>>> print(open('target15.cif').read())   # mmCIF, C-alpha atoms
data_work
#
loop_
_atom_site.group_PDB
_atom_site.id
_atom_site.type_symbol
_atom_site.label_atom_id
_atom_site.label_comp_id
_atom_site.auth_asym_id
_atom_site.auth_seq_id
_atom_site.Cartn_x
_atom_site.Cartn_y
_atom_site.Cartn_z
ATOM 1 C CA MET H 105 229.088 5.603 71.913
ATOM 2 C CA PRO H 106 229.661 3.381 68.874
ATOM 3 C CA ALA H 107 231.622 0.203 69.493
ATOM 4 C CA ARG H 108 235.043 -0.206 67.970
ATOM 5 C CA GLY H 109 234.021 -3.556 66.550
ATOM 6 C CA ALA H 110 231.181 -1.897 64.673
ATOM 7 C CA PHE H 111 233.592 0.200 62.633
ATOM 8 C CA ASP H 112 234.484 -1.185 59.226
ATOM 9 C CA PRO H 113 236.761 0.880 56.912
ATOM 10 C CA GLU H 114 235.328 -0.932 53.925
ATOM 11 C CA ALA H 115 231.937 0.610 54.709
ATOM 12 C CA ILE H 116 233.310 4.091 53.945
ATOM 13 C CA PRO H 117 235.555 3.616 50.901
ATOM 14 C CA GLU H 118 235.223 7.263 49.834
ATOM 15 C CA LEU H 119 236.178 8.592 53.260
ATOM 16 C CA TRP H 120 238.693 6.056 54.502
ATOM 17 C CA PRO H 121 241.731 7.436 52.552
ATOM 18 C CA TRP H 122 241.646 10.436 54.912
ATOM 19 C CA CYS H 123 240.708 8.557 58.069
ATOM 20 C CA PHE H 124 242.768 6.901 60.758
ATOM 21 C CA LEU H 125 242.246 4.801 63.858
ATOM 22 C CA ILE H 126 243.979 5.402 67.175
ATOM 23 C CA ASP H 127 244.192 2.708 69.831
ATOM 24 C CA VAL H 128 243.977 4.397 73.225
ATOM 25 C CA GLU H 129 243.951 1.357 75.448
ATOM 26 C CA ALA H 130 246.510 1.481 78.225
ATOM 27 C CA ARG H 131 248.868 -0.906 76.468
ATOM 28 C CA ALA H 132 248.900 1.132 73.254
ATOM 29 C CA GLN H 133 249.054 4.530 74.996
ATOM 30 C CA GLY H 134 247.677 6.300 71.939
ATOM 31 C CA ARG H 135 248.994 4.730 68.772
ATOM 32 C CA ILE H 136 247.941 4.892 65.139
ATOM 33 C CA VAL H 137 246.790 1.377 64.275
ATOM 34 C CA ALA H 138 245.339 2.079 60.850
ATOM 35 C CA ALA H 139 245.492 4.979 58.432
ATOM 36 C CA GLY H 140 244.048 5.660 55.001
ATOM 37 C CA SER H 141 246.208 5.981 51.901
ATOM 38 C CA GLY H 142 245.894 9.760 51.886
ATOM 39 C CA HIS H 143 247.832 9.955 55.115
ATOM 40 C CA HIS H 144 250.454 7.524 53.820
ATOM 41 C CA ASP H 145 251.039 9.776 50.815
ATOM 42 C CA PHE H 146 250.857 12.996 52.772
ATOM 43 C CA HIS H 147 253.386 11.873 55.366
ATOM 44 C CA GLY H 148 255.638 10.122 52.894
ATOM 45 C CA ARG H 149 255.388 6.990 55.002
ATOM 46 C CA ASN H 150 252.900 4.731 56.625
ATOM 47 C CA PRO H 151 252.082 6.263 60.006
ATOM 48 C CA GLU H 152 250.712 3.003 61.391
ATOM 49 C CA GLY H 153 252.409 2.037 64.609
ATOM 50 C CA MET H 154 253.459 5.577 65.472
ATOM 51 C CA SER H 155 252.476 6.901 68.884
ATOM 52 C CA LEU H 156 250.700 10.243 69.097
ATOM 53 C CA ALA H 157 253.800 11.749 70.671
ATOM 54 C CA GLU H 158 255.881 10.676 67.670
ATOM 55 C CA LEU H 159 253.689 12.463 65.139
ATOM 56 C CA PRO H 160 255.370 15.742 64.105
ATOM 57 C CA GLU H 161 253.261 18.755 64.972
ATOM 58 C CA ALA H 162 253.768 20.208 61.504
ATOM 59 C CA THR H 163 251.843 17.399 59.842
ATOM 60 C CA LEU H 164 248.179 16.901 59.172
ATOM 61 C CA LEU H 165 248.009 13.947 61.551
ATOM 62 C CA GLY H 166 249.970 15.858 64.179
ATOM 63 C CA GLN H 167 247.428 18.677 64.043
ATOM 64 C CA ALA H 168 244.475 16.297 63.927
ATOM 65 C CA VAL H 169 245.441 14.418 67.091
ATOM 66 C CA ALA H 170 246.386 17.540 69.064
ATOM 67 C CA PHE H 171 242.990 17.623 70.814
ATOM 68 C CA ALA H 172 242.710 13.876 71.450
ATOM 69 C CA GLY H 173 242.969 14.589 75.173
ATOM 70 C CA ASP H 174 239.782 16.700 75.064
ATOM 71 C CA VAL H 175 237.884 13.928 73.306
ATOM 72 C CA LEU H 176 239.083 11.319 75.809
ATOM 73 C CA GLU H 177 238.127 13.581 78.694
ATOM 74 C CA ARG H 178 234.684 14.617 77.449
ATOM 75 C CA LYS H 179 233.848 11.381 75.619
ATOM 76 C CA VAL H 180 232.226 13.221 72.726
ATOM 77 C CA PRO H 181 233.244 13.819 69.103
ATOM 78 C CA ALA H 182 235.134 17.023 68.423
ATOM 79 C CA SER H 183 235.992 18.839 65.226
ATOM 80 C CA TYR H 184 238.809 21.344 64.992
ATOM 81 C CA GLY H 185 240.431 23.124 62.115
ATOM 82 C CA GLY H 186 242.720 25.954 61.225
ATOM 83 C CA ASN H 187 245.910 26.511 59.332
ATOM 84 C CA PHE H 188 249.536 25.608 59.884
ATOM 85 C CA ILE H 189 252.852 25.543 58.021
ATOM 86 C CA ASP H 190 253.736 21.926 57.317
ATOM 87 C CA ILE H 191 257.169 20.313 57.200
ATOM 88 C CA HIS H 192 257.434 21.218 53.512
ATOM 89 C CA GLY H 193 256.756 24.906 54.197
ATOM 90 C CA ARG H 194 253.234 24.874 52.789
ATOM 91 C CA ASP H 195 250.501 26.939 54.369
ATOM 92 C CA LEU H 196 247.729 24.411 54.865
ATOM 93 C CA LEU H 197 244.124 24.919 55.804
ATOM 94 C CA TYR H 198 242.776 21.823 57.500
ATOM 95 C CA ARG H 199 239.695 20.404 59.161
ATOM 96 C CA SER H 200 239.708 17.319 61.374
ATOM 97 C CA ILE H 201 237.391 15.303 63.567
ATOM 98 C CA LEU H 202 237.902 12.692 66.265
ATOM 99 C CA LEU H 203 235.136 10.332 67.343
ATOM 100 C CA PRO H 204 235.383 8.117 70.421
ATOM 101 C CA LEU H 205 234.740 4.404 70.031
ATOM 102 C CA GLY H 206 233.858 2.240 72.989
ATOM 103 C CA GLU H 207 234.179 -1.355 74.043
ATOM 104 C CA ASP H 208 232.344 -3.935 71.998
ATOM 105 C CA ARG H 209 230.535 -5.130 75.091
ATOM 106 C CA PRO H 210 230.408 -2.215 77.524
ATOM 107 C CA GLU H 211 229.794 -3.097 81.124
ATOM 108 C CA HIS H 212 227.725 0.025 81.565
ATOM 109 C CA GLU H 213 226.285 2.785 79.432
ATOM 110 C CA GLY H 214 228.819 5.394 78.324
ATOM 111 C CA GLY H 215 231.627 2.966 78.967
ATOM 112 C CA ARG H 216 235.347 3.151 78.424
ATOM 113 C CA ILE H 217 236.856 4.620 75.265
ATOM 114 C CA VAL H 218 239.147 2.122 73.573
ATOM 115 C CA ALA H 219 239.817 3.871 70.277
ATOM 116 C CA LEU H 220 239.446 7.120 68.392
ATOM 117 C CA LEU H 221 238.303 7.229 64.796
ATOM 118 C CA GLY H 222 239.733 10.272 63.105
ATOM 119 C CA GLY H 223 239.344 12.067 59.828
ATOM 120 C CA ALA H 224 241.414 14.945 58.498
ATOM 121 C CA ASN H 225 241.880 16.695 55.210
ATOM 122 C CA CYS H 226 243.537 19.871 54.084
ATOM 123 C CA ARG H 227 244.328 22.116 51.186
ATOM 124 C CA VAL H 228 247.079 24.538 50.418
ATOM 125 C CA ARG H 229 245.800 28.007 51.162
ATOM 126 C CA ASP H 230 246.401 29.233 47.624
ATOM 127 C CA GLY H 231 243.381 27.177 46.707
ATOM 128 C CA SER H 232 244.877 23.976 45.324
ATOM 129 C CA SER H 233 244.097 20.775 47.182
ATOM 130 C CA ALA H 234 246.929 19.112 49.011
ATOM 131 C CA GLY H 235 245.049 15.850 49.042
ATOM 132 C CA MET J 128 247.521 35.146 75.862
ATOM 133 C CA ALA J 129 244.565 34.234 73.735
ATOM 134 C CA VAL J 130 240.883 33.823 74.116
ATOM 135 C CA MET J 131 239.827 30.288 73.208
ATOM 136 C CA LYS J 132 236.362 29.717 71.901
ATOM 137 C CA ILE J 133 234.567 26.441 71.268
ATOM 138 C CA PHE J 134 230.976 25.591 70.432
ATOM 139 C CA GLU J 135 229.269 22.665 72.101
ATOM 140 C CA ILE J 136 226.167 21.026 70.699
ATOM 141 C CA HIS J 137 223.891 19.968 73.543
ATOM 142 C CA VAL J 138 220.939 17.630 73.130
ATOM 143 C CA TYR J 139 218.022 17.166 75.487
ATOM 144 C CA ARG J 140 217.134 13.550 76.228
ATOM 145 C CA GLY J 141 215.920 11.692 79.238
ATOM 146 C CA GLY J 142 215.209 14.973 81.014
ATOM 147 C CA ASN J 143 218.821 16.138 80.836
ATOM 148 C CA TRP J 144 221.052 18.222 78.604
ATOM 149 C CA THR J 145 224.128 16.308 77.466
ATOM 150 C CA ILE J 146 227.046 17.344 75.275
ATOM 151 C CA ASP J 147 226.822 15.678 71.881
ATOM 152 C CA SER J 148 229.833 17.118 70.107
ATOM 153 C CA ILE J 149 232.329 19.964 70.070
ATOM 154 C CA PHE J 150 233.324 22.312 67.269
ATOM 155 C CA ASP J 151 235.730 25.214 66.994
ATOM 156 C CA ASP J 152 233.684 26.777 64.205
ATOM 157 C CA LEU J 153 230.291 28.409 64.770
ATOM 158 C CA ASP J 154 229.000 27.819 61.247
ATOM 159 C CA LEU J 155 229.791 24.116 61.421
ATOM 160 C CA ALA J 156 228.194 23.818 64.848
ATOM 161 C CA LEU J 157 225.038 25.605 63.695
ATOM 162 C CA CYS J 158 224.846 23.525 60.535
ATOM 163 C CA GLU J 159 225.138 20.294 62.509
ATOM 164 C CA ALA J 160 222.692 21.454 65.201
ATOM 165 C CA GLU J 161 220.076 22.370 62.589
ATOM 166 C CA ARG J 162 220.579 19.018 60.853
ATOM 167 C CA MET J 163 220.071 17.231 64.160
ATOM 168 C CA ASP J 164 217.002 19.311 64.918
ATOM 169 C CA ARG J 165 215.470 18.445 61.558
ATOM 170 C CA GLY J 166 216.194 14.774 62.222
ATOM 171 C CA GLY J 167 213.748 14.855 65.118
ATOM 172 C CA ARG J 168 215.744 12.389 67.211
ATOM 173 C CA PHE J 169 216.006 14.818 70.104
ATOM 174 C CA SER J 170 213.324 16.954 71.685
ATOM 175 C CA ALA J 171 215.710 19.888 71.890
ATOM 176 C CA VAL J 172 219.068 20.941 70.478
ATOM 177 C CA ARG J 173 221.184 23.925 71.415
ATOM 178 C CA VAL J 174 224.628 25.352 70.681
ATOM 179 C CA VAL J 175 226.573 26.776 73.598
ATOM 180 C CA GLU J 176 229.535 29.053 73.031
ATOM 181 C CA GLU J 177 232.255 28.547 75.604
ATOM 182 C CA THR J 178 234.892 31.242 75.855
ATOM 183 C CA PHE J 179 238.028 30.818 77.931
ATOM 184 C CA ASP J 180 240.333 33.738 78.564
ATOM 185 C CA GLU J 181 243.786 32.314 79.213
ATOM 186 C CA GLN J 182 244.945 35.556 80.815
ATOM 187 C CA THR J 183 242.200 35.816 83.395
ATOM 188 C CA GLU J 184 241.506 32.056 83.412
ATOM 189 C CA LYS J 185 237.826 32.827 83.329
ATOM 190 C CA ALA J 186 235.314 30.870 81.301
ATOM 191 C CA ARG J 187 232.069 32.245 79.979
ATOM 192 C CA THR J 188 229.213 30.436 78.281
ATOM 193 C CA ARG J 189 226.228 31.612 76.318
ATOM 194 C CA THR J 190 223.636 29.874 74.192
ATOM 195 C CA VAL J 191 223.875 30.930 70.560
ATOM 196 C CA PHE J 192 221.256 28.581 69.106
ATOM 197 C CA ARG J 193 218.283 26.794 70.540
ATOM 198 C CA SER J 194 215.544 24.907 68.814
ATOM 199 C CA THR J 195 212.938 22.917 70.647
ATOM 200 C CA LYS J 196 209.543 21.521 69.892
ATOM 201 C CA ALA J 197 208.235 23.606 72.768
ATOM 202 C CA ASP J 198 209.534 26.759 71.111
ATOM 203 C CA LYS J 199 207.780 25.819 67.891
ATOM 204 C CA ILE J 200 204.530 25.178 69.716
ATOM 205 C CA ASN J 201 204.844 28.472 71.594
ATOM 206 C CA ALA J 202 205.596 30.346 68.385
ATOM 207 C CA ALA J 203 202.554 28.834 66.680
ATOM 208 C CA THR J 204 200.344 29.725 69.633
ATOM 209 C CA LYS J 205 201.672 33.284 69.696
ATOM 210 C CA ALA J 206 201.046 33.657 65.979
ATOM 211 C CA ARG J 207 197.466 32.465 66.410
ATOM 212 C CA VAL J 208 196.830 34.898 69.252
ATOM 213 C CA GLU J 209 198.303 37.848 67.399
ATOM 214 C CA ALA J 210 196.445 37.134 64.165
ATOM 215 C CA PRO J 211 193.455 39.505 63.501
ATOM 216 C CA LEU J 212 190.142 38.039 64.535
ATOM 217 C CA ARG J 213 188.069 37.079 61.510
ATOM 218 C CA THR J 214 185.309 35.128 63.204
ATOM 219 C CA VAL J 215 181.705 35.674 62.103
ATOM 220 C CA ALA J 216 179.803 37.901 64.473
ATOM 221 C CA PRO J 217 177.168 35.980 66.442
ATOM 222 C CA PRO J 218 173.513 36.585 65.428
ATOM 223 C CA ARG J 219 172.039 39.570 67.154
ATOM 224 C CA ARG J 220 169.722 38.524 69.905
ATOM 225 C CA PRO J 221 166.348 40.299 70.118
ATOM 226 C CA PRO J 222 166.271 42.903 72.814
ATOM 227 C CA PRO J 223 164.809 41.490 76.004
ATOM 228 C CA ARG J 224 161.252 42.338 76.675
ATOM 229 C CA ARG J 225 160.870 45.040 79.175
ATOM 230 C CA LYS J 226 159.201 43.598 82.195
ATOM 231 C CA SER J 227 156.113 45.556 83.206
ATOM 232 C CA SER J 228 156.314 47.063 86.591
ATOM 233 C CA LEU J 229 154.260 45.770 89.537
ATOM 234 C CA SER J 230 152.158 48.948 89.787
ATOM 235 C CA SER J 231 151.000 48.766 86.194
ATOM 236 C CA GLN J 232 150.056 45.097 86.684
ATOM 237 C CA VAL J 233 147.952 46.035 89.748
ATOM 238 C CA ILE J 234 146.224 48.855 87.853
ATOM 239 C CA MET J 235 145.439 46.528 84.977
ATOM 240 C CA ALA J 236 144.007 43.957 87.411
ATOM 241 C CA ILE J 237 141.841 46.618 89.160
ATOM 242 C CA LEU J 238 140.535 47.902 85.815
ATOM 243 C CA LEU J 239 139.724 44.371 84.713
ATOM 244 C CA LEU J 240 138.005 43.630 88.022
ATOM 245 C CA SER J 241 136.073 46.925 87.825
ATOM 246 C CA LEU J 242 134.957 46.061 84.311
ATOM 247 C CA ILE J 243 133.747 42.627 85.423
ATOM 248 C CA VAL J 244 131.959 44.050 88.488
ATOM 249 C CA ALA J 245 130.365 46.847 86.407
ATOM 250 C CA GLY J 246 129.339 44.303 83.792
ATOM 251 C CA GLY J 247 127.841 42.042 86.466
ATOM 252 C CA LEU J 248 125.926 44.910 88.099
ATOM 253 C CA GLY J 249 124.693 46.047 84.706
ATOM 254 C CA ALA J 250 123.474 42.546 83.939
ATOM 255 C CA ILE J 251 121.611 42.337 87.315
ATOM 256 C CA TYR J 252 120.009 45.749 86.687
ATOM 257 C CA LEU J 253 118.847 44.700 83.248
ATOM 258 C CA ILE J 254 117.400 41.443 84.588
ATOM 259 C CA ASN J 255 115.573 43.263 87.417
ATOM 260 C CA THR J 256 114.298 45.889 84.986
ATOM 261 C CA ALA J 257 113.093 43.236 82.595
ATOM 262 C CA ASN J 258 111.237 41.456 85.436
ATOM 263 C CA GLY J 259 109.587 44.760 86.500
ATOM 264 C CA PHE J 260 108.174 45.187 82.997
ATOM 265 C CA GLY J 261 106.944 41.584 83.035
#
>>> encode(input="target15.cif", output="structure tokens")
Amino acid sequence: MPARGAFDPEAIPELWPWCFLIDVEARAQGRIVAAGSGHHDFHGRNPEGMSLAELPEATLLGQAVAFAGDVLERKVPASYGGNFIDIHGRDLLYRSILLPLGEDRPEHEGGRIVALLGGANCRVRDGSSAG
Amino acid sequence: MAVMKIFEIHVYRGGNWTIDSIFDDLDLALCEAERMDRGGRFSAVRVVEETFDEQTEKARTRTVFRSTKADKINAATKARVEAPLRTVAPPRRPPPRRKSSLSSQVIMAILLLSLIVAGGLGAIYLINTANGFG
């Protein structure tokens, strides 16, 4: 499992606008700690600091984090997609992925997950891109 | 109640199959599994479809893709075996000599001995005859 400290948003400038980082350590209890500009624009606000429970289901981030529990349980990356009607009434087709990140210095192989790196993008189903 | 379906990519390393990643889309899972297989990092890659029926609460799994080096080796071996034989025929060996039977060898030996004895007797007769004239 890649270490959280090894992740650098500046290393993926083309992808980062649609990525986000979730802190899943006990203190944070699943909280967005960083999000690309695409998610700022799409949500009309900066989602940083919001807990997973606070993210509306009818948003791209809300859909993207819906299976975070599976990733935490299985400790493997997972990609889900589908369509949903967002808070603006648009029919969106989306694809998302969550990748577990571990401790910087794990005590043992396959150690504890401390963060989830996510990516999600979507388009309106009539064919025009929402992003 | 719905039937949920996910596709797990499994990789074989260290003598064990482990889950590498999970997808809800077969095409994506196959694409990623084939990419991983081409990468050669793992000795085997497979995609397992996991179906969960929420009504019956029963799960079912089946392998929908598998690619291993062993499979490739087996396929190559099978292809070689099934290919038509085009090897050059070995040179024809001369037919083995027929061994003469024991009876014919004995007859030949008796004839030869008879010839020698007759020759010897003839020679003695001629010597004696020649002496008688002398």
>>> atom_distance(input="target15.cif", atom1="CA of Thr163 in chain H", atom2="CA of Leu119 in chain H")
19.1 Å
>>> closest_atom_pairs(input="target15.cif", of="chain J", to="chain H", cutoff="12 Å", atoms="all atoms listed in the file", output="CSV")
residue,atom,partner,partner_atom,distance
J:Lys132,CA,H:Tyr184,CA,11.1
J:Ile133,CA,H:Tyr184,CA,9.1
J:Phe134,CA,H:Ala182,CA,9.7
J:Glu135,CA,H:Ala182,CA,8.9
J:Ile136,CA,H:Ala182,CA,10.1
J:His137,CA,H:Val180,CA,10.8
J:Thr145,CA,H:Val180,CA,9.9
J:Ile146,CA,H:Val180,CA,7.1
J:Asp147,CA,H:Val180,CA,6.0
J:Ser148,CA,H:Pro181,CA,4.9
J:Ile149,CA,H:Ala182,CA,4.4
J:Phe150,CA,H:Ser183,CA,4.8
J:Asp151,CA,H:Tyr184,CA,5.3
J:Asp152,CA,H:Tyr184,CA,7.5
J:Leu153,CA,H:Tyr184,CA,11.1
J:Leu155,CA,H:Ser183,CA,9.0
J:Ala156,CA,H:Ser183,CA,9.3
J:Glu159,CA,H:Ser183,CA,11.3
>>> atom_distance(input="target15.cif", atom1="CA of Glu177 in chain J", atom2="CA of Glu177 in chain H")
16.4 Å
>>> residues_around(input="target15.cif", residues="Phe179 in chain J", least_positions_apart="4", cutoff="12 Å", atoms="only C-alpha atoms", output="list in words")
Met128, Ala129, Val130, Met131, Lys132, Ile133, Phe134, Thr183, Glu184, Lys185, Ala186, Arg187, Thr188 and Arg189 of chain J
>>> atom_distance(input="target15.cif", atom1="CA of Cys123 in chain H", atom2="CA of Gly140 in chain H")
5.4 Å
>>> residues_around(input="target15.cif", residues="Arg229 in chain H", least_positions_apart="3", cutoff="7 Å", atoms="all atoms listed in the file", output="list of chain:residue names")
H:Asp195, H:Leu196, H:Leu197
>>> resolve_selection(input="target15.cif", expression="the PyMOL selection byres ((chain H and resi 128) around 10)", output="PyMOL selection string")
chain H and resi 125-127+129-137+155-156+172+176+204-205+217-220
>>> resolve_selection(input="target15.cif", expression="the PyMOL selection byres ((chain J and resi 161) around 12)", output="list in words")
Ile136, His137, Val138, Asp154, Leu155, Ala156, Leu157, Cys158, Glu159, Ala160, Arg162, Met163, Asp164, Arg165, Gly166, Gly167, Arg168, Phe169, Ala171, Val172, Arg173, Val174, Phe192, Arg193, Ser194 and Thr195 of chain J
>>> resolve_selection(input="target15.cif", expression="the PyMOL selection byres ((chain H and resi 164) around 9)", output="VMD selection string")
chain H and resid 143 146 to 147 160 to 163 165 to 169 188 190 196 198 200 224 to 226
>>> residues_near_point(input="target15.cif", point="(233.1, 0.2, 68.1)", cutoff="7 Å", atoms="only C-alpha atoms", output="VMD selection string")
chain H and resid 106 to 111 205 to 208
>>> axis_aligned_box(input="target15.cif", around="range 138-148 of chain H", padding_each_side="5 Å", output="lines of an AutoDock Vina configuration file")
center_x = 249.8
center_y = 7.5
center_z = 55.8
size_x = 21.6
size_y = 20.9
size_z = 20.0
>>> closest_residue(input="target15.cif", among="H:Ala138, H:Phe171, H:Trp120, H:Arg209", to="Gly153 in chain H", atoms="all atoms listed in the file")
H:Ala138
